[in-house]
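Engineer: Here you go, one structure.
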Amino acid sequence: MSKVRVRFAPSPTGGLHLGGVRTVLYNYLFAKKHGGDFIVRIEDTDQTRFVPGAEQYIFDCLDWCGLTPDESPLHGGDYGPYRQSERKEQGIYQQYANQLIKKDMHITLLIHPKNWKKCVANIKAIKTHRRSTIILCG
């Protein structure tokens with residue numbers, strides 16, 4: 001059986017709230033009970049909502065609770081990087097995205113980001129071609 005690895009992926013958009021601490025506690029206890037690792041990977045891809053200092057605050061809260069990650073941006077580890085934006089920059093996911101596109105197993109959204117909410121409410125057509133999907137909004 002492989003080693004248990006659990007992950008907590010907070011977004012550095014503000015403070016760590018009680019629900020996040022509860023999730024960390026459950027993940028941490030599960031990992032430790034099964035001899036596994038507790039990993040923190042920062043979900044920082046939404047740079048428009050990024051709050052300076054929020055990442056450090058999250059780690060300060062975890063430290064205060066006594067919930068030290070086995071792997072994280074601060075603690076290192078064998079499966080880094082531990083910031084989602086750095087994983088994107090390194091192209092870790094690009095090969096898998098390309099495989100899905102090549103196999104026509106992807107979804108193409110023809111939506112300008114500014115129109116996302118309005119568009120979802122007014123979907124005009126969903127076309128399926130082989131295994132890929134195109135969503136057209138008006």
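Residues are referred to by chain and number: the chain letter is A, B, ... according to the order shown in the structure tokens, the number counts from 1 in that chain, and ligands are numbered separately from 1 in the order shown.
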Apply DSSP to the backbone of this structure and, from segment 18-121 of chain A, keep only the residues in helix (DSSP H, G or I); write these as a ChimeraX atom specification.

Structural biologist: /A:18-33,47-49,54-64,84-89,94-102,113-121

Engineer: Keeping only C-alpha atoms, write those residues as an mmCIF file, in the first residue's frame.

Structural biologist:
data_model
loop_
_atom_site.group_PDB
_atom_site.id
_atom_site.type_symbol
_atom_site.label_atom_id
_atom_site.label_comp_id
_atom_site.auth_asym_id
_atom_site.auth_seq_id
_atom_site.Cartn_x
_atom_site.Cartn_y
_atom_site.Cartn_z
ATOM 1 C CA LEU A 18 -12.224 28.313 11.424
ATOM 2 C CA GLY A 19 -13.513 26.063 8.617
ATOM 3 C CA GLY A 20 -10.022 25.964 7.126
ATOM 4 C CA VAL A 21 -8.505 25.085 10.494
ATOM 5 C CA ARG A 22 -11.037 22.260 10.869
ATOM 6 C CA THR A 23 -10.083 20.897 7.443
ATOM 7 C CA VAL A 24 -6.396 21.079 8.338
ATOM 8 C CA LEU A 25 -7.025 19.290 11.630
ATOM 9 C CA TYR A 26 -8.926 16.434 9.961
ATOM 10 C CA ASN A 27 -6.279 16.056 7.233
ATOM 11 C CA TYR A 28 -3.406 16.275 9.705
ATOM 12 C CA LEU A 29 -4.902 13.701 12.096
ATOM 13 C CA PHE A 30 -5.788 11.324 9.248
ATOM 14 C CA ALA A 31 -2.262 11.512 7.833
ATOM 15 C CA LYS A 32 -0.589 10.995 11.200
ATOM 16 C CA LYS A 33 -2.885 8.114 12.185
ATOM 17 C CA GLN A 47 -3.610 37.051 -8.318
ATOM 18 C CA THR A 48 -6.446 39.588 -8.469
ATOM 19 C CA ARG A 49 -7.491 38.559 -4.938
ATOM 20 C CA ALA A 54 -1.738 36.234 3.874
ATOM 21 C CA GLU A 55 0.465 33.215 3.114
ATOM 22 C CA GLN A 56 2.690 33.891 6.126
ATOM 23 C CA TYR A 57 -0.398 34.463 8.275
ATOM 24 C CA ILE A 58 -1.746 31.038 7.240
ATOM 25 C CA PHE A 59 1.514 29.376 8.296
ATOM 26 C CA ASP A 60 1.573 31.362 11.550
ATOM 27 C CA CYS A 61 -1.948 30.090 12.330
ATOM 28 C CA LEU A 62 -0.963 26.488 11.563
ATOM 29 C CA ASP A 63 2.106 26.868 13.777
ATOM 30 C CA TRP A 64 -0.010 28.330 16.596
ATOM 31 C CA GLN A 84 0.293 26.458 -7.575
ATOM 32 C CA SER A 85 1.549 29.406 -9.649
ATOM 33 C CA GLU A 86 5.074 27.945 -9.627
ATOM 34 C CA ARG A 87 3.739 24.573 -10.786
ATOM 35 C CA LYS A 88 2.021 26.354 -13.694
ATOM 36 C CA GLU A 89 5.192 28.310 -14.560
ATOM 37 C CA GLN A 94 0.753 21.398 -19.712
ATOM 38 C CA GLN A 95 1.616 17.919 -20.980
ATOM 39 C CA TYR A 96 -1.633 16.546 -19.527
ATOM 40 C CA ALA A 97 -3.675 19.404 -20.980
ATOM 41 C CA ASN A 98 -2.102 18.728 -24.373
ATOM 42 C CA GLN A 99 -3.008 15.033 -24.112
ATOM 43 C CA LEU A 100 -6.664 15.900 -23.438
ATOM 44 C CA ILE A 101 -6.729 18.330 -26.360
ATOM 45 C CA LYS A 102 -5.120 15.778 -28.681
ATOM 46 C CA PRO A 113 -13.501 36.724 -18.398
ATOM 47 C CA LYS A 114 -15.432 39.990 -17.901
ATOM 48 C CA ASN A 115 -18.604 38.304 -19.185
ATOM 49 C CA TRP A 116 -18.325 35.035 -17.247
ATOM 50 C CA LYS A 117 -21.264 35.411 -14.823
ATOM 51 C CA LYS A 118 -23.577 36.937 -17.417
ATOM 52 C CA CYS A 119 -22.604 34.282 -19.933
ATOM 53 C CA VAL A 120 -23.226 31.304 -17.650
ATOM 54 C CA ALA A 121 -26.726 32.606 -17.027
#

Engineer: With DSSP run on the backbone, what are the strand (DSSP E) residues within chain A? I'd like them as a list in words.

Structural biologist: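 Of chain A, only Arg5, Val6, Arg7, Phe8, Asp37, Phe38, Ile39, Val40, Ile107, Thr108, Leu109, Leu110, Ile123, Lys124, Ala125, Ile126, Lys127, Thr128, His129, Ser132, Thr133, Ile134, Ile135, Leu136 and Cys137 of chain A fall in strand (DSSP E).
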
Engineer: For those residues, write N, CA and C atoms to a file as a JSON list (two decimals), in the first residue's frame.

Structural biologist:
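Saved result, part_17.json, follows:
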[["chain", "number", "residue", "atom", "x", "y", "z"],
["A", 5, "ARG", "N", -0.95, 10.53, 1.70],
["A", 5, "ARG", "CA", -0.54, 11.94, 1.54],
["A", 5, "ARG", "C", -1.81, 12.77, 1.46],
["A", 6, "VAL", "N", -1.98, 13.69, 2.39],
["A", 6, "VAL", "CA", -3.14, 14.57, 2.36],
["A", 6, "VAL", "C", -2.65, 15.99, 2.13],
["A", 7, "ARG", "N", -3.52, 16.79, 1.50],
["A", 7, "ARG", "CA", -3.11, 18.13, 1.11],
["A", 7, "ARG", "C", -4.15, 19.14, 1.57],
["A", 8, "PHE", "N", -3.66, 20.26, 2.02],
["A", 8, "PHE", "CA", -4.50, 21.42, 2.31],
["A", 8, "PHE", "C", -4.03, 22.51, 1.36],
["A", 37, "ASP", "N", 1.84, 11.78, 5.29],
["A", 37, "ASP", "CA", 2.34, 13.15, 5.27],
["A", 37, "ASP", "C", 1.20, 14.14, 5.08],
["A", 38, "PHE", "N", 1.37, 15.28, 5.74],
["A", 38, "PHE", "CA", 0.44, 16.40, 5.63],
["A", 38, "PHE", "C", 1.13, 17.49, 4.81],
["A", 39, "ILE", "N", 0.54, 17.83, 3.66],
["A", 39, "ILE", "CA", 1.16, 18.76, 2.71],
["A", 39, "ILE", "C", 0.31, 20.03, 2.61],
["A", 40, "VAL", "N", 0.98, 21.17, 2.53],
["A", 40, "VAL", "CA", 0.31, 22.43, 2.24],
["A", 40, "VAL", "C", 0.81, 22.93, 0.89],
["A", 107, "ILE", "N", -12.83, 20.78, -22.79],
["A", 107, "ILE", "CA", -13.94, 21.72, -22.91],
["A", 107, "ILE", "C", -13.35, 23.06, -23.33],
["A", 108, "THR", "N", -13.89, 23.63, -24.39],
["A", 108, "THR", "CA", -13.46, 24.94, -24.85],
["A", 108, "THR", "C", -14.52, 25.95, -24.43],
["A", 109, "LEU", "N", -14.12, 26.94, -23.67],
["A", 109, "LEU", "CA", -15.04, 27.99, -23.25],
["A", 109, "LEU", "C", -14.73, 29.24, -24.05],
["A", 110, "LEU", "N", -15.68, 29.67, -24.84],
["A", 110, "LEU", "CA", -15.50, 30.87, -25.65],
["A", 110, "LEU", "C", -16.15, 32.04, -24.92],
["A", 123, "ILE", "N", -26.43, 30.72, -21.41],
["A", 123, "ILE", "CA", -25.82, 29.78, -22.34],
["A", 123, "ILE", "C", -26.78, 29.52, -23.49],
["A", 124, "LYS", "N", -26.29, 29.77, -24.70],
["A", 124, "LYS", "CA", -27.12, 29.61, -25.90],
["A", 124, "LYS", "C", -27.02, 28.20, -26.47],
["A", 125, "ALA", "N", -25.83, 27.62, -26.38],
["A", 125, "ALA", "CA", -25.67, 26.31, -27.00],
["A", 125, "ALA", "C", -24.51, 25.57, -26.37],
["A", 126, "ILE", "N", -24.68, 24.30, -26.25],
["A", 126, "ILE", "CA", -23.59, 23.43, -25.84],
["A", 126, "ILE", "C", -23.46, 22.39, -26.94],
["A", 127, "LYS", "N", -22.34, 22.41, -27.62],
["A", 127, "LYS", "CA", -22.13, 21.50, -28.75],
["A", 127, "LYS", "C", -21.08, 20.47, -28.37],
["A", 128, "THR", "N", -21.39, 19.23, -28.66],
["A", 128, "THR", "CA", -20.44, 18.16, -28.40],
["A", 128, "THR", "C", -19.95, 17.61, -29.72],
["A", 129, "HIS", "N", -18.64, 17.57, -29.84],
["A", 129, "HIS", "CA", -18.00, 17.01, -31.03],
["A", 129, "HIS", "C", -17.06, 15.92, -30.55],
["A", 132, "SER", "N", -15.16, 16.18, -27.02],
["A", 132, "SER", "CA", -14.92, 17.53, -26.52],
["A", 132, "SER", "C", -16.21, 18.35, -26.56],
["A", 133, "THR", "N", -16.23, 19.39, -25.77],
["A", 133, "THR", "CA", -17.43, 20.21, -25.64],
["A", 133, "THR", "C", -17.07, 21.67, -25.89],
["A", 134, "ILE", "N", -17.94, 22.36, -26.62],
["A", 134, "ILE", "CA", -17.78, 23.79, -26.85],
["A", 134, "ILE", "C", -19.02, 24.47, -26.29],
["A", 135, "ILE", "N", -18.81, 25.45, -25.44],
["A", 135, "ILE", "CA", -19.92, 26.20, -24.85],
["A", 135, "ILE", "C", -19.92, 27.58, -25.47],
["A", 136, "LEU", "N", -21.05, 27.94, -26.09],
["A", 136, "LEU", "CA", -21.18, 29.24, -26.74],
["A", 136, "LEU", "C", -22.14, 30.10, -25.93],
["A", 137, "CYS", "N", -21.72, 31.33, -25.68],
["A", 137, "CYS", "CA", -22.57, 32.24, -24.92],
["A", 137, "CYS", "C", -22.93, 33.44, -25.76]]

Engineer: So how far away is atom CA of Thr45 of chain A from atom CA of Arg83 of chain A, in Å?

Structural biologist: 8.6 Å

Engineer: Would you pick out the contacts of Gly77 of chain A at 12 Å or less, using only C-alpha atoms, so that residues sharing its chain but fewer than 3 positions from it are not included, and give the list as a list in words?

Structural biologist: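 Returned residues: Asp37, Phe38, Ile39, Val40, Arg41, Pro69, Asp70, Glu71, Ser72, Pro73, Leu74, Gly80, Pro81 and Tyr82 of chain A.
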
Engineer: For atom CA of Gly91 of chain A and atom CA of Thr13 of chain A, quote the distance in Å rounded to one decimal.

Structural biologist: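 That distance, rounded to one decimal, is 23.8 Å.
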
Engineer: Distance atom CA of Glu43 of chain A-atom CA of Pro10 of chain A, one decimal place?

Structural biologist: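 Spanning atom CA of Glu43 of chain A to atom CA of Pro10 of chain A is a straight-line distance of 5.7 Å.
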